[in-house]
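Asker: There's a structure below that I have some questions on.
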Amino acid sequence: MNALSVNPVPAPAAPSVRWRRRLALGAGVILAAGLALWWYAGRSAGPGPIVLYGNVDLREVSLAFNDSGRIASIAVQEGDAVHRGEALAQLDTSRLLPMLAQAEARAAAERAALERLRHGSRPQEIAQARANLALARAQQRQALAQYSRVASVYGRSGGRAVSRQDVTDARAAAAVAAARTRVAREALHLAVLGPRREDIDQASALLAADRATVALLRQELADTTLRAPLDALVRTRIGEPGDMVSPQNPVLTLAITNPKWVRAYIPETDLARVHPGMAATVAVDAFAHRRFAGWVGFISSEAQFTPKTVQTPELRTSLVYEIRVFVKDPHDELRLGMPATVYLGAGGSGA
């Protein structure tokens, strides 16, 4: 009888091997779930903050006198805080003050002359003109009477009592008296009428010209004091007492400390993520553990190539846009030209 061939039955796997397979399968599932969760969280969080690099910037004002002259005094030093309207420097006024006094005296004389013309003749002047006319008429009557007597005597005596020359002199004296009467009559008429309208207008124009001269000299006198146009800090003291200056030569340079901003440049690819008013924070090396709050105040509408002065982690040749991030600096700690790092987006925290 042939023996039957029997296939051997494999022995069951050891318990340790089965557990290792199950642990490997579970670890794979957990790893896949973690990767999926990380990918979804990354998509939900959106892009990270924008980091830009630039420098602190501010405005400056160069102050010069309106007129040429010699500096008499300067009341501020570099670094002093000044306020709007404060006197900063003074020009010499030794020549301008007498000119102003002369112009004021001339204007006062023209004003008095104009008032005299506007008031017209005084009653006393009119009375005097009437008295002069009465005197002239009396003298005319006397001269006519004298001429009549001389002419009558000459006619009766046939020239023996008086000469022809006496008659001629008497007739001339009567004519002179009549002329004096006419002069006195016209003088009285003018006194009653008063000055002409044209004379009043002329005096008024002269007074206006003198007043304009006075106003100009007073303005020139006021311009000898150099005043601060706004609140600022004295950055540079260029002139000194005794220097000759002109409107083309600044005497002081003021730094406007409010507002301050960081001038930075943003790539075109990030431009859509930035808008005016967007919150930002600014960090500088001098205050490594502090952040200054700010906001985007300006975005250029024109692209330009990356300036060589911009400090970035990588060299870029793409087009960028200038932006200005205004910074709150109540204690005036930021200085002009400081390198600064700007964080935009994700709350502007830079985290």
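Identifiers in this document derive from the order of the structure tokens: chains are assigned A, B, ..., residues are numbered from 1 separately in each chain, and ligands are numbered from 1 in order of occurrence.
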Please extract the residues of region 248-293 of chain A with a backbone DSSP assignment of helix (DSSP H, G or I) and present them as a PyMOL selection string.
Answerer: chain A and resi 268-273
Asker: Which polymer residues have any atom within 6 Å of an atom of region 239-256 of chain A, counting only C-alpha atoms, with same-chain residues fewer than 2 positions away left out, as a list of chain:residue names?
Answerer: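 Contacts, in chain order: A:Arg59, A:Glu60, A:Val61, A:Ser62, A:Leu63, A:Ala64, A:Phe65, A:Asn66, A:Asp67, A:Ser68, A:Gly69, A:Arg70, A:Ile71, A:Ala72, A:Ser73, A:Ala232, A:Leu233, A:Val234, A:Arg235, A:Thr236, A:Arg237, A:Asn258.
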Asker: For the residues selected in the previous step, produce a file with N, CA and C atoms as a compact mmCIF listing (two decimals), in the first residue's frame.
Answerer:
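Written out: again-v3.txt:
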```
# COMPACT_ATOMS: atom_id res chain seq x y z
N ARG A 59 11.25 114.79 8.07
CA ARG A 59 11.38 116.01 7.28
C ARG A 59 12.28 117.01 7.99
N GLU A 60 12.90 117.87 7.19
CA GLU A 60 13.75 118.93 7.72
C GLU A 60 13.33 120.28 7.13
N VAL A 61 13.58 121.33 7.90
CA VAL A 61 13.27 122.70 7.47
C VAL A 61 14.54 123.52 7.58
N SER A 62 14.93 124.16 6.50
CA SER A 62 16.07 125.08 6.50
C SER A 62 15.55 126.50 6.66
N LEU A 63 15.96 127.17 7.72
CA LEU A 63 15.47 128.51 8.04
C LEU A 63 16.51 129.56 7.66
N ALA A 64 16.05 130.57 6.91
CA ALA A 64 16.90 131.70 6.51
C ALA A 64 16.11 132.99 6.72
N PHE A 65 16.82 134.10 6.90
CA PHE A 65 16.17 135.40 7.02
C PHE A 65 15.65 135.85 5.66
N ASN A 66 14.58 136.66 5.67
CA ASN A 66 14.01 137.17 4.43
C ASN A 66 14.87 138.25 3.79
N ASP A 67 15.70 138.92 4.58
CA ASP A 67 16.53 140.00 4.07
C ASP A 67 17.98 139.74 4.44
N SER A 68 18.86 140.47 3.76
CA SER A 68 20.29 140.37 4.07
C SER A 68 20.61 141.23 5.29
N GLY A 69 21.63 140.83 6.00
CA GLY A 69 22.03 141.60 7.18
C GLY A 69 23.06 140.85 7.99
N ARG A 70 23.39 141.41 9.15
CA ARG A 70 24.37 140.81 10.04
C ARG A 70 23.65 140.20 11.25
N ILE A 71 23.98 138.97 11.59
CA ILE A 71 23.35 138.30 12.72
C ILE A 71 23.77 138.97 14.01
N ALA A 72 22.79 139.36 14.82
CA ALA A 72 23.06 139.97 16.12
C ALA A 72 23.13 138.91 17.22
N SER A 73 22.24 137.91 17.16
CA SER A 73 22.23 136.89 18.20
C SER A 73 21.50 135.65 17.71
N ALA A 232 9.65 121.59 16.62
CA ALA A 232 10.71 120.79 16.01
C ALA A 232 11.93 120.77 16.94
N LEU A 233 13.00 120.13 16.45
CA LEU A 233 14.29 120.10 17.13
C LEU A 233 15.33 120.80 16.27
N VAL A 234 16.22 121.55 16.92
CA VAL A 234 17.31 122.20 16.19
C VAL A 234 18.33 121.12 15.84
N ARG A 235 18.50 120.89 14.55
CA ARG A 235 19.43 119.86 14.12
C ARG A 235 20.81 120.43 13.83
N THR A 236 20.86 121.58 13.12
CA THR A 236 22.14 122.16 12.73
C THR A 236 22.08 123.66 12.96
N ARG A 237 23.13 124.20 13.58
CA ARG A 237 23.29 125.65 13.74
C ARG A 237 24.39 126.08 12.78
N ASN A 258 7.69 114.80 14.40
CA ASN A 258 6.37 114.18 14.31
C ASN A 258 5.69 114.67 13.03
```
Asker: In terms of the shortest atom-to-atom distance over only C-alpha atoms, which of A:Ala283, A:Ala208, A:Ala303, A:Leu221 is closest to Arg95 (chain A)?
Answerer: A:Leu221
Asker: Within region 54-298 of chain A, find each residue whose DSSP state, derived from the backbone, is strand (DSSP E), and express the selection as number ranges by chain.
Answerer: A: 54-63, 69-74, 81-82, 87-91, 225-227, 232-237, 244-245, 252-267, 279-284, 287-298
Asker: Return the single residue from A:Gln90, A:Thr213, A:Thr281, A:Ser301 that is closest to Ile50 (chain A), with distances computed using only C-alpha atoms.
Answerer: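 Residue with the minimum atom-to-atom distance to Ile50 (chain A): A:Thr281.
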Asker: Show me, as number ranges by chain, the residues that have an atom within 10 Å of region 112-116 of chain A when counting only C-alpha atoms, minus same-chain residues fewer than 4 positions from it.
Answerer: A: 107-108, 120-122, 195, 199-207
Asker: Ranking A:Leu344, A:Arg291, A:Thr225, A:Ser163 by minimum distance to Gly277 (chain A) and counting only C-alpha atoms, which one comes first?
Answerer: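 Ranked by minimum distance to Gly277 (chain A), first place goes to A:Leu344.
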Asker: Counting only C-alpha atoms, which residue out of A:Ile299, A:Val262, A:Ala151, A:Val167 sits closest to Leu334 (chain A)?
Answerer: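 Going through A:Ile299, A:Val262, A:Ala151, A:Val167 one by one, the smallest distance to Leu334 (chain A) is for A:Val262.
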